[in-house]
Structure formats: structure tokens, C-alpha cells
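Next comes target.cif, a file with mmCIF, C-alpha atoms and all ligand atoms.
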data_run
#
loop_
_atom_site.label_atom_id
_atom_site.label_comp_id
_atom_site.auth_asym_id
_atom_site.auth_seq_id
_atom_site.Cartn_x
_atom_site.Cartn_y
_atom_site.Cartn_z
CA MET A 1 -16.97 5.40 14.58
CA GLY A 2 -18.42 8.27 16.57
CA ASP A 3 -18.35 7.03 20.17
CA LYS A 4 -15.27 6.21 22.17
CA ARG A 5 -15.07 2.47 21.73
CA THR A 6 -13.10 0.07 23.90
CA ALA A 7 -10.55 -2.13 22.12
CA LEU A 8 -8.82 -5.15 23.64
CA ILE A 9 -5.67 -6.49 22.01
CA THR A 10 -4.13 -9.84 22.91
CA GLY A 11 -0.36 -10.28 22.91
CA ALA A 12 0.03 -6.51 22.97
CA ASN A 13 3.25 -6.27 24.96
CA ARG A 14 5.43 -6.45 21.84
CA GLY A 15 5.50 -6.93 18.09
CA ILE A 16 2.42 -6.34 15.94
CA GLY A 17 0.04 -6.37 18.93
CA ARG A 18 1.92 -3.57 20.64
CA ALA A 19 1.91 -1.49 17.45
CA VAL A 20 -1.83 -2.11 17.02
CA ALA A 21 -2.45 -0.91 20.58
CA GLU A 22 -0.52 2.29 19.80
CA GLU A 23 -2.37 2.81 16.52
CA LEU A 24 -5.83 2.31 18.06
CA HIS A 25 -4.90 4.62 20.95
CA ARG A 26 -3.80 7.20 18.34
CA ARG A 27 -7.20 6.79 16.64
CA GLY A 28 -8.97 7.66 19.88
CA LEU A 29 -10.18 4.27 21.10
CA ARG A 30 -9.97 3.31 24.76
CA VAL A 31 -7.26 0.67 24.62
CA ILE A 32 -6.83 -2.36 26.86
CA VAL A 33 -3.36 -3.78 26.40
CA THR A 34 -3.25 -7.43 27.40
CA ALA A 35 -0.29 -9.75 27.78
CA ARG A 36 0.47 -13.15 29.23
CA SER A 37 2.05 -11.53 32.27
CA ALA A 38 0.45 -8.76 34.32
CA ARG A 39 3.85 -7.07 34.58
CA ASP A 40 4.32 -6.96 30.79
CA ALA A 41 0.77 -5.69 30.29
CA ALA A 42 1.23 -2.92 32.86
CA ALA A 43 4.63 -1.94 31.45
CA ALA A 44 3.33 -1.74 27.86
CA ALA A 45 0.28 0.28 28.95
CA ARG A 46 2.47 2.67 30.93
CA GLU A 47 4.96 3.10 28.06
CA ILE A 48 2.21 3.85 25.53
CA SER A 49 0.53 6.25 27.90
CA GLU A 50 3.80 8.06 28.74
CA GLY A 51 4.86 8.18 25.09
CA MET A 52 1.55 9.28 23.58
CA GLY A 53 -0.44 10.76 26.47
CA GLY A 54 -3.88 9.62 27.59
CA GLU A 55 -4.90 6.63 29.64
CA VAL A 56 -4.11 3.07 28.56
CA VAL A 57 -5.20 0.07 30.62
CA GLY A 58 -3.02 -3.02 31.07
CA GLU A 59 -4.52 -6.42 31.98
CA ALA A 60 -3.08 -9.92 32.30
CA LEU A 61 -4.58 -12.30 29.76
CA ASP A 62 -2.98 -15.62 28.83
CA VAL A 63 -5.16 -16.93 26.02
CA THR A 64 -4.47 -20.55 27.00
CA ASP A 65 -5.71 -20.08 30.57
CA ALA A 66 -9.48 -20.67 30.66
CA GLY A 67 -9.95 -19.43 34.23
CA GLY A 68 -7.69 -16.43 33.61
CA VAL A 69 -9.66 -15.43 30.50
CA ARG A 70 -12.95 -15.74 32.45
CA ASP A 71 -11.55 -13.59 35.28
CA ALA A 72 -10.19 -11.02 32.83
CA ALA A 73 -13.56 -10.80 31.07
CA ARG A 74 -15.29 -10.18 34.43
CA ARG A 75 -12.76 -7.48 35.39
CA ILE A 76 -12.75 -5.77 31.99
CA GLY A 77 -16.47 -5.79 31.15
CA ALA A 78 -17.71 -4.60 27.77
CA VAL A 79 -15.31 -4.65 24.82
CA ASP A 80 -16.37 -3.27 21.43
CA VAL A 81 -13.29 -4.18 19.41
CA LEU A 82 -11.31 -7.40 19.84
CA VAL A 83 -7.95 -7.77 18.13
CA SER A 84 -6.95 -11.39 18.49
CA ASN A 85 -3.23 -11.13 17.84
CA ALA A 86 -1.46 -13.45 20.30
CA GLY A 87 0.35 -16.16 18.42
CA VAL A 88 3.29 -18.53 18.48
CA LEU A 89 5.52 -20.00 15.80
CA LEU A 90 7.13 -23.04 17.41
CA ASP A 91 7.85 -25.34 14.48
CA ALA A 92 10.02 -23.46 11.98
CA GLY A 93 12.17 -25.87 9.99
CA THR A 94 10.10 -28.95 10.72
CA ASP A 95 8.09 -31.17 8.40
CA PRO A 96 4.49 -32.46 8.50
CA LEU A 97 5.75 -36.07 8.58
CA THR A 98 7.98 -35.61 11.59
CA VAL A 99 6.86 -32.52 13.56
CA PRO A 100 6.25 -33.60 17.15
CA LEU A 101 2.51 -33.56 17.71
CA ASP A 102 2.91 -31.98 21.12
CA VAL A 103 4.35 -28.98 19.27
CA VAL A 104 1.27 -29.02 17.03
CA GLU A 105 -0.93 -29.15 20.14
CA ARG A 106 0.89 -26.26 21.80
CA THR A 107 0.59 -24.21 18.62
CA LEU A 108 -3.14 -24.89 18.25
CA ALA A 109 -3.63 -24.14 21.95
CA VAL A 110 -2.55 -20.53 21.39
CA ASN A 111 -3.26 -19.74 17.75
CA LEU A 112 -6.64 -21.46 17.42
CA LEU A 113 -8.11 -22.36 20.81
CA GLY A 114 -6.72 -19.26 22.51
CA ALA A 115 -8.28 -17.01 19.89
CA TRP A 116 -11.54 -18.97 20.09
CA ARG A 117 -11.60 -18.80 23.90
CA VAL A 118 -11.10 -15.04 23.95
CA ALA A 119 -13.79 -14.63 21.28
CA GLN A 120 -16.21 -16.68 23.40
CA ALA A 121 -15.46 -14.41 26.34
CA PHE A 122 -16.00 -11.08 24.58
CA VAL A 123 -18.08 -11.53 21.40
CA PRO A 124 -21.40 -12.50 23.08
CA GLY A 125 -21.41 -9.06 24.72
CA MET A 126 -20.92 -7.43 21.31
CA VAL A 127 -23.82 -9.48 19.93
CA SER A 128 -26.13 -8.47 22.75
CA ARG A 129 -25.16 -4.79 22.40
CA GLY A 130 -25.58 -5.01 18.60
CA TRP A 131 -22.13 -3.68 17.67
CA GLY A 132 -18.63 -5.10 17.46
CA ARG A 133 -15.46 -5.56 15.46
CA VAL A 134 -13.31 -8.68 15.67
CA VAL A 135 -9.96 -9.05 13.94
CA PHE A 136 -8.02 -12.28 13.85
CA VAL A 137 -4.37 -11.76 12.94
CA SER A 138 -3.80 -14.55 10.46
CA SER A 139 -1.02 -15.26 8.00
CA GLY A 140 -0.36 -15.69 4.30
CA ILE A 141 0.98 -19.17 4.98
CA GLY A 142 -2.39 -20.06 6.45
CA THR A 143 -4.07 -19.58 3.07
CA PHE A 144 -4.65 -22.02 0.25
CA SER A 145 -4.29 -19.21 -2.29
CA ILE A 146 -0.70 -18.45 -1.26
CA GLY A 147 -0.02 -22.00 -0.09
CA LEU A 148 0.61 -23.60 3.28
CA ALA A 149 4.26 -23.68 4.31
CA ALA A 150 5.32 -27.28 4.86
CA GLY A 151 8.31 -26.00 6.86
CA THR A 152 5.95 -24.61 9.54
CA PRO A 153 3.20 -27.24 9.45
CA ALA A 154 1.67 -26.61 12.88
CA TYR A 155 1.69 -22.85 12.44
CA SER A 156 0.21 -23.02 8.93
CA VAL A 157 -2.56 -25.42 9.94
CA SER A 158 -3.34 -23.29 12.99
CA LYS A 159 -3.87 -20.23 10.78
CA VAL A 160 -6.02 -22.18 8.28
CA ALA A 161 -8.17 -23.20 11.21
CA LEU A 162 -8.25 -19.62 12.47
CA ASN A 163 -9.46 -18.54 9.03
CA GLY A 164 -12.23 -21.13 9.30
CA LEU A 165 -13.19 -19.75 12.70
CA THR A 166 -13.29 -16.26 11.19
CA THR A 167 -15.87 -17.26 8.57
CA MET A 168 -18.00 -19.17 11.10
CA LEU A 169 -18.08 -16.36 13.66
CA ALA A 170 -18.77 -13.84 10.91
CA ALA A 171 -21.77 -15.86 9.74
CA ARG A 172 -22.96 -16.34 13.32
CA THR A 173 -22.83 -12.61 14.11
CA ALA A 174 -23.72 -11.13 10.71
CA ALA A 175 -27.19 -10.04 11.81
CA ASP A 176 -25.93 -8.50 15.06
CA GLY A 177 -23.77 -5.59 13.91
CA VAL A 178 -20.54 -7.49 14.53
CA LEU A 179 -17.95 -7.61 11.73
CA VAL A 180 -15.43 -10.44 11.96
CA ASN A 181 -12.42 -10.50 9.64
CA ALA A 182 -8.96 -11.98 9.40
CA VAL A 183 -5.94 -9.91 8.42
CA ASN A 184 -2.77 -11.08 6.73
CA PRO A 185 -0.25 -8.56 8.07
CA GLY A 186 2.51 -9.65 5.67
CA GLN A 187 6.05 -10.50 6.68
CA THR A 188 6.69 -8.20 9.62
CA ARG A 189 9.86 -7.57 11.59
CA THR A 190 9.19 -8.85 15.10
CA ARG A 191 10.72 -11.44 17.41
CA MET A 192 8.78 -14.03 15.37
CA MET A 193 10.28 -12.84 12.05
CA PRO A 194 13.41 -10.80 12.89
CA THR A 195 14.54 -10.13 9.30
CA ALA A 196 11.17 -9.48 7.67
CA PRO A 197 10.74 -6.33 5.56
CA ARG A 198 7.64 -4.65 7.09
CA THR A 199 7.68 -2.71 10.32
CA ALA A 200 5.16 -3.55 13.03
CA ALA A 201 3.77 -0.03 12.68
CA GLU A 202 3.03 -0.67 8.99
CA ALA A 203 1.32 -3.99 9.74
CA ALA A 204 -0.64 -2.29 12.53
CA LEU A 205 -2.25 0.13 10.06
CA ASP A 206 -3.86 -2.83 8.27
CA VAL A 207 -5.05 -4.43 11.50
CA ALA A 208 -6.36 -1.09 12.79
CA HIS A 209 -8.26 -0.61 9.53
CA ALA A 210 -10.06 -3.93 10.05
CA ALA A 211 -10.69 -3.02 13.71
CA THR A 212 -12.38 0.27 12.83
CA LEU A 213 -14.47 -0.72 9.81
CA PRO A 214 -17.63 1.29 9.17
CA ASP A 215 -20.98 -0.40 9.69
CA ASP A 216 -21.22 -1.31 5.99
CA GLY A 217 -17.70 -2.83 6.01
CA PRO A 218 -16.94 -6.41 5.03
CA THR A 219 -17.34 -9.41 7.31
CA GLY A 220 -16.06 -12.95 6.95
CA THR A 221 -13.15 -11.88 4.76
CA LEU A 222 -9.38 -12.11 4.76
CA LEU A 223 -7.95 -8.62 4.38
CA ARG A 224 -4.55 -7.72 2.99
CA GLY A 225 -3.95 -4.01 3.30
CA THR A 226 -7.50 -2.70 3.11
CA ARG A 227 -8.81 -5.18 0.52
CA PRO A 228 -10.37 -8.65 0.79
CA VAL A 229 -8.11 -11.31 -0.77
CA PRO A 230 -8.64 -15.02 -1.49
CA TRP A 231 -8.38 -17.44 1.44
N1 LIG A 301 5.72 -11.29 12.10
C1 LIG A 301 5.17 -11.75 10.98
O1 LIG A 301 5.79 -11.73 9.89
C2 LIG A 301 3.78 -12.29 10.96
C3 LIG A 301 3.23 -12.66 9.73
C4 LIG A 301 1.93 -13.17 9.70
C5 LIG A 301 1.20 -13.26 10.88
N2 LIG A 301 1.78 -12.90 12.07
C6 LIG A 301 0.96 -13.04 13.28
O2 LIG A 301 0.96 -11.82 13.98
C7 LIG A 301 0.68 -12.05 15.36
C8 LIG A 301 1.70 -11.30 16.21
O3 LIG A 301 2.98 -11.84 15.94
P1 LIG A 301 4.32 -11.01 16.05
O4 LIG A 301 5.01 -11.10 14.74
O5 LIG A 301 4.06 -9.68 16.65
O6 LIG A 301 5.13 -11.97 17.04
P2 LIG A 301 5.80 -11.75 18.47
O7 LIG A 301 6.60 -10.52 18.50
O8 LIG A 301 6.44 -13.06 18.74
O9 LIG A 301 4.56 -11.52 19.44
C9 LIG A 301 3.71 -12.56 19.80
C10 LIG A 301 2.85 -12.06 20.93
O10 LIG A 301 1.94 -13.11 21.29
C11 LIG A 301 2.00 -13.24 22.69
N3 LIG A 301 1.59 -14.55 23.18
C12 LIG A 301 2.14 -15.75 22.92
N4 LIG A 301 1.50 -16.71 23.62
C13 LIG A 301 0.52 -16.09 24.32
C14 LIG A 301 -0.48 -16.52 25.22
N5 LIG A 301 -0.61 -17.81 25.56
N6 LIG A 301 -1.34 -15.60 25.74
C15 LIG A 301 -1.23 -14.30 25.41
N7 LIG A 301 -0.28 -13.83 24.59
C16 LIG A 301 0.57 -14.71 24.04
C17 LIG A 301 3.45 -12.94 23.04
O11 LIG A 301 3.57 -12.71 24.43
P3 LIG A 301 4.96 -13.01 25.26
O12 LIG A 301 5.80 -11.78 25.09
O13 LIG A 301 4.50 -13.24 26.65
O14 LIG A 301 5.58 -14.23 24.63
C18 LIG A 301 3.65 -11.71 22.18
O15 LIG A 301 3.08 -10.58 22.79
C19 LIG A 301 0.74 -13.58 15.54
O16 LIG A 301 -0.56 -14.10 15.56
C20 LIG A 301 1.47 -14.05 14.29
O17 LIG A 301 1.14 -15.37 13.96
C21 LIG A 301 3.04 -12.43 12.14
#
Please lay out the structure from this file as C-alpha cells.
Ligand SMILES: NC(=O)c1ccc[n+]([C@@H]2O[C@H](COP(=O)([O-])OP(=O)(O)OC[C@H]3O[C@@H](n4cnc5c(N)ncnc54)[C@H](OP(=O)(O)O)[C@@H]3O)[C@@H](O)[C@H]2O)c1
Amino acid sequence: MGDKRTALITGANRGIGRAVAEELHRRGLRVIVTARSARDAAAAAREISEGMGGEVVGEALDVTDAGGVRDAARRIGAVDVLVSNAGVLLDAGTDPLTVPLDVVERTLAVNLLGAWRVAQAFVPGMVSRGWGRVVFVSSGIGTFSIGLAAGTPAYSVSKVALNGLTTMLAARTAADGVLVNAVNPGQTRTRMMPTAPRTAAEAALDVAHAATLPDDGPTGTLLRGTRPVPW
């Protein structure tokens, strides 16, 4: 990518999202760090900027807040690269027969509808400008090839649905220079998975790869590392 592109990352105050923000900043993109709280967004942007040099913008963006997302989109303007990373895992150790459906609703509200809402706010601009990259941070346990995890039913179903959204948006934008892919970051050591083997920085390399694909890169795929893998 020749020009300085603008990348927005959701849930970028910590974990994989934070590491993706650092990696894209390192690669020379103009990075907008977003977080549920304005204070967390500003703090993360300041820390990245102080640690690595250069300007990093922080903006409040709660993906479940329709008005907040609309306001953020108005404030922020054009975004070339959207990394839809914000996610919750609220149902570990439950079971599809007994998981409270309000927990399923709260999970879908962030992992599916939140990602969809943010895409609706920023992808039409990419389509009209004829260039964009969208990355949905998905999960291995949201794939039929690896197998849904019955012990996290809401989370797994939310990621299957996110994968479906990925293929639909990819098809919708295929003629408009916008590449839309999902990434399975693998088991990554964050607050969500405190004992996982991968570091957030390692997972961020895979997400950053998908966020900076060349114009002839894949769209509508699930990427693991740099390669498309079965859904
Ligand atoms: N860690 C893994 O092994 C793993 C594996 C596969 C996929 N993933 C996916 O990777 C993504 C990042 O997860 P992580 O491991 O980095 O977990 P994490 O450390 O728990 O980070 C989750 C991030 O999402 C944000 N978030 C939650 N609800 C939000 C909302 N309504 N609006 C905006 N941001 C919100 C959190 O913000 P707050 O700080 O405000 O809560 C936090 O920044 C998720 O989509 C997750 O499903 C993770």
C-alpha cells in the first residue's frame, strides 16, 4: 500500500486489538485506537504514541451503542482499513441446553451486531472511494472445520455468524476494491484467554497481514496465519 491509509481498530485498548494497533502503526498506517471508554482509548493512543513515536488518535466507540457509533463515524470521517476486533466471551463452561439466552443475546450484541454496526458505519465510505480492507477477528471455535465448542455455545455461534457476515460483505463489496476477510488468531494470551500459548503481538501479525492485503489479495476467506483455511 503506497499511500498513508487510515486504520480503525475496535477494542484496541488491550489484548489483540491493542497489539494490532501497534503493528499497524509500526507499518506506517494512521491508526485510530477505539475503545468502549474515551479514557481507555485516549490512554492507549497516548501510550502507543509515547512508546513508538508518531501520532495515534484515540476515540470512544462502544460497538453496541448505535448513536455512539454514528457520532464516532461523523467525527472520524474516512477510514480505509477496519479491524473489527472487539469481542466478549461470557459463557465459558456453559452448555447449549442451559446457557441463559440473555447471555447469548449479550454475546451476539457485541460479537455479531456490534461488528455489523461498525461495518455499516465505515464500509459504505470504502465502497464509494473504491478501496478498503475489512478484517473480522473470528475464532477457530466458530468454524465447522475445527468444530464449535459446546462449552462456549453463545461465543461459538456468534463467531459462526460473524463468518457468515464476512462472506456476505465480501460478496457485496467484491467489485468495489474492498477486501473483507476473517482471521482466526489462534489461542492468544489475553484477559479472555490468560493461559493461551500465543502472544498478542504474534496474533497481531496475522491480523495486520489481512488488514494490509495487496489489491489482488483474497476476499471472503478465513485466514490462519497468511493462508485461507476451511470455514
Ligand atoms: N484470545 C484468544 O485466544 C482469542 C482466540 C480467538 C479469537 N479471539 C478474538 O479476538 C478478539 C480480541 O480478544 P482478546 O483476546 O484480545 O480479548 P480481550 O483482551 O478480552 O479484549 C477484548 C476487547 O474487546 C473490547 N470490547 C468488549 N466489548 C466491547 C464493546 N461493546 N465495544 C467496544 N469494545 C468492546 C474490550 O474492551 P474493554 O476493555 O472495555 O472491556 C477489549 O478491548 C475478540 O473478538 C476475540 O473473540 C481471541
Margin query: Could you list, as a PyMOL selection string, all protein and nucleic acid residues with an atom at most 9 Å from ligand LIG 301 (chain A), counting all atoms listed in the file?
Written below: chain A and resi 10-19+34-37+40+60-65+84-89+109-111+114+136-142+155+159+183-200+203
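What separates CA of Leu108 (chain A) from CA of Ser158 (chain A) is a distance of 5.5 Å.
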Next item on the list: Enumerate, as a list in words, the protein, DNA and RNA residues whose atoms approach (-18.2, -20.4, 13.4) to within 12 Å, taking into account all atoms listed in the file and the coordinate frame of the file.
Entry: Trp116, Ala119, Gln120, Val123, Ala161, Leu162, Asn163, Gly164, Leu165, Thr166, Thr167, Met168, Leu169, Ala170, Ala171, Arg172, Thr173, Ala174, Val180 and Gly220 of chain A
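The residue that comes closest to Val20 (chain A), out of A:Thr107, A:Ser128, A:Thr212, A:Thr94 and on the basis of all atoms listed in the file, is A:Thr212.
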Next item on the list: Work out how far apart CA of Arg117 (chain A) and CA of Ala73 (chain A) are and give it in Å to one decimal.
Entry: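 The value is 10.9 Å.
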Excluding Ile32 (chain A) and residues on its chain fewer than 4 positions from it, collect all residues at most 6 Å away from it, counting all atoms listed in the file, and give them as a short mmCIF file (atom, residue, chain, number, x, y, z; two decimals) with C-alpha atoms, in the coordinates of the input.
data_model
loop_
_atom_site.label_atom_id
_atom_site.label_comp_id
_atom_site.auth_asym_id
_atom_site.auth_seq_id
_atom_site.Cartn_x
_atom_site.Cartn_y
_atom_site.Cartn_z
CA LEU A 8 -8.82 -5.15 23.64
CA VAL A 57 -5.20 0.07 30.62
CA GLY A 58 -3.02 -3.02 31.07
#
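Within the 12 Å cut-off around Asp216 (chain A), using only C-alpha atoms and omitting residues fewer than 3 positions from it on the same chain, the listed residues are Met1, Trp131, Arg133, Ala174, Gly177, Val178, Leu179, Thr212, Leu213 and Thr219 of chain A.
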Margin query: Measuring between all atoms listed in the file, which one of A:Phe144, A:Gly68, A:Val157, A:Ala208 shows the shortest distance to Val229 (chain A)?
Written below: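 When distances to Val229 (chain A) are compared using all atoms listed in the file, the smallest one comes from A:Phe144.
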Notebook entry, point to check: Suppose you want the space between CA of Val135 (chain A) and CA of Leu101 (chain A); what is it in Å?
Noted result: 27.8 Å
Mind dumping region 14-39 of chain A from that block, keeping N, CA and C atoms, as a JSON list (two decimals), in the first residue's frame?
[["chain", "number", "residue", "atom", "x", "y", "z"],
["A", 14, "ARG", "N", -6.72, -3.02, 24.75],
["A", 14, "ARG", "CA", -5.93, -4.12, 25.35],
["A", 14, "ARG", "C", -5.99, -5.34, 24.43],
["A", 15, "GLY", "N", -5.24, -6.37, 24.82],
["A", 15, "GLY", "CA", -5.32, -7.64, 24.13],
["A", 15, "GLY", "C", -4.88, -7.56, 22.67],
["A", 16, "ILE", "N", -5.52, -8.38, 21.84],
["A", 16, "ILE", "CA", -5.14, -8.48, 20.43],
["A", 16, "ILE", "C", -5.33, -7.14, 19.72],
["A", 17, "GLY", "N", -6.44, -6.44, 20.03],
["A", 17, "GLY", "CA", -6.71, -5.16, 19.36],
["A", 17, "GLY", "C", -5.62, -4.15, 19.60],
["A", 18, "ARG", "N", -5.14, -4.08, 20.82],
["A", 18, "ARG", "CA", -4.06, -3.16, 21.15],
["A", 18, "ARG", "C", -2.79, -3.50, 20.36],
["A", 19, "ALA", "N", -2.48, -4.81, 20.30],
["A", 19, "ALA", "CA", -1.28, -5.23, 19.57],
["A", 19, "ALA", "C", -1.43, -4.96, 18.07],
["A", 20, "VAL", "N", -2.65, -5.10, 17.55],
["A", 20, "VAL", "CA", -2.88, -4.80, 16.13],
["A", 20, "VAL", "C", -2.66, -3.30, 15.87],
["A", 21, "ALA", "N", -3.15, -2.47, 16.80],
["A", 21, "ALA", "CA", -2.94, -1.02, 16.64],
["A", 21, "ALA", "C", -1.45, -0.71, 16.58],
["A", 22, "GLU", "N", -0.68, -1.33, 17.47],
["A", 22, "GLU", "CA", 0.78, -1.10, 17.48],
["A", 22, "GLU", "C", 1.40, -1.58, 16.17],
["A", 23, "GLU", "N", 0.98, -2.75, 15.71],
["A", 23, "GLU", "CA", 1.58, -3.31, 14.49],
["A", 23, "GLU", "C", 1.25, -2.44, 13.27],
["A", 24, "LEU", "N", 0.01, -1.97, 13.17],
["A", 24, "LEU", "CA", -0.36, -1.15, 12.01],
["A", 24, "LEU", "C", 0.33, 0.22, 12.09],
["A", 25, "HIS", "N", 0.49, 0.74, 13.30],
["A", 25, "HIS", "CA", 1.24, 2.00, 13.47],
["A", 25, "HIS", "C", 2.69, 1.78, 13.01],
["A", 26, "ARG", "N", 3.26, 0.64, 13.41],
["A", 26, "ARG", "CA", 4.64, 0.30, 13.00],
["A", 26, "ARG", "C", 4.74, 0.23, 11.48],
["A", 27, "ARG", "N", 3.68, -0.26, 10.84],
["A", 27, "ARG", "CA", 3.70, -0.40, 9.37],
["A", 27, "ARG", "C", 3.39, 0.90, 8.65],
["A", 28, "GLY", "N", 3.19, 1.98, 9.41],
["A", 28, "GLY", "CA", 3.06, 3.29, 8.77],
["A", 28, "GLY", "C", 1.64, 3.74, 8.49],
["A", 29, "LEU", "N", 0.63, 3.01, 8.98],
["A", 29, "LEU", "CA", -0.74, 3.48, 8.79],
["A", 29, "LEU", "C", -1.05, 4.55, 9.83],
["A", 30, "ARG", "N", -2.03, 5.39, 9.52],
["A", 30, "ARG", "CA", -2.55, 6.33, 10.51],
["A", 30, "ARG", "C", -3.58, 5.56, 11.33],
["A", 31, "VAL", "N", -3.30, 5.42, 12.62],
["A", 31, "VAL", "CA", -4.09, 4.49, 13.43],
["A", 31, "VAL", "C", -5.07, 5.23, 14.33],
["A", 32, "ILE", "N", -6.32, 4.77, 14.32],
["A", 32, "ILE", "CA", -7.33, 5.27, 15.24],
["A", 32, "ILE", "C", -7.66, 4.14, 16.21],
["A", 33, "VAL", "N", -7.22, 4.35, 17.45],
["A", 33, "VAL", "CA", -7.44, 3.37, 18.51],
["A", 33, "VAL", "C", -8.82, 3.66, 19.10],
["A", 34, "THR", "N", -9.72, 2.67, 19.05],
["A", 34, "THR", "CA", -11.01, 2.91, 19.69],
["A", 34, "THR", "C", -11.22, 1.93, 20.83],
["A", 35, "ALA", "N", -12.01, 2.39, 21.79],
["A", 35, "ALA", "CA", -12.32, 1.58, 22.98],
["A", 35, "ALA", "C", -13.68, 2.01, 23.49],
["A", 36, "ARG", "N", -14.27, 1.12, 24.28],
["A", 36, "ARG", "CA", -15.58, 1.43, 24.86],
["A", 36, "ARG", "C", -15.57, 2.77, 25.58],
["A", 37, "SER", "N", -14.51, 3.00, 26.35],
["A", 37, "SER", "CA", -14.46, 4.26, 27.10],
["A", 37, "SER", "C", -13.46, 5.23, 26.45],
["A", 38, "ALA", "N", -13.85, 6.50, 26.44],
["A", 38, "ALA", "CA", -12.98, 7.53, 25.85],
["A", 38, "ALA", "C", -11.64, 7.57, 26.60],
["A", 39, "ARG", "N", -11.71, 7.37, 27.91],
["A", 39, "ARG", "CA", -10.47, 7.43, 28.71],
["A", 39, "ARG", "C", -9.50, 6.31, 28.30]]
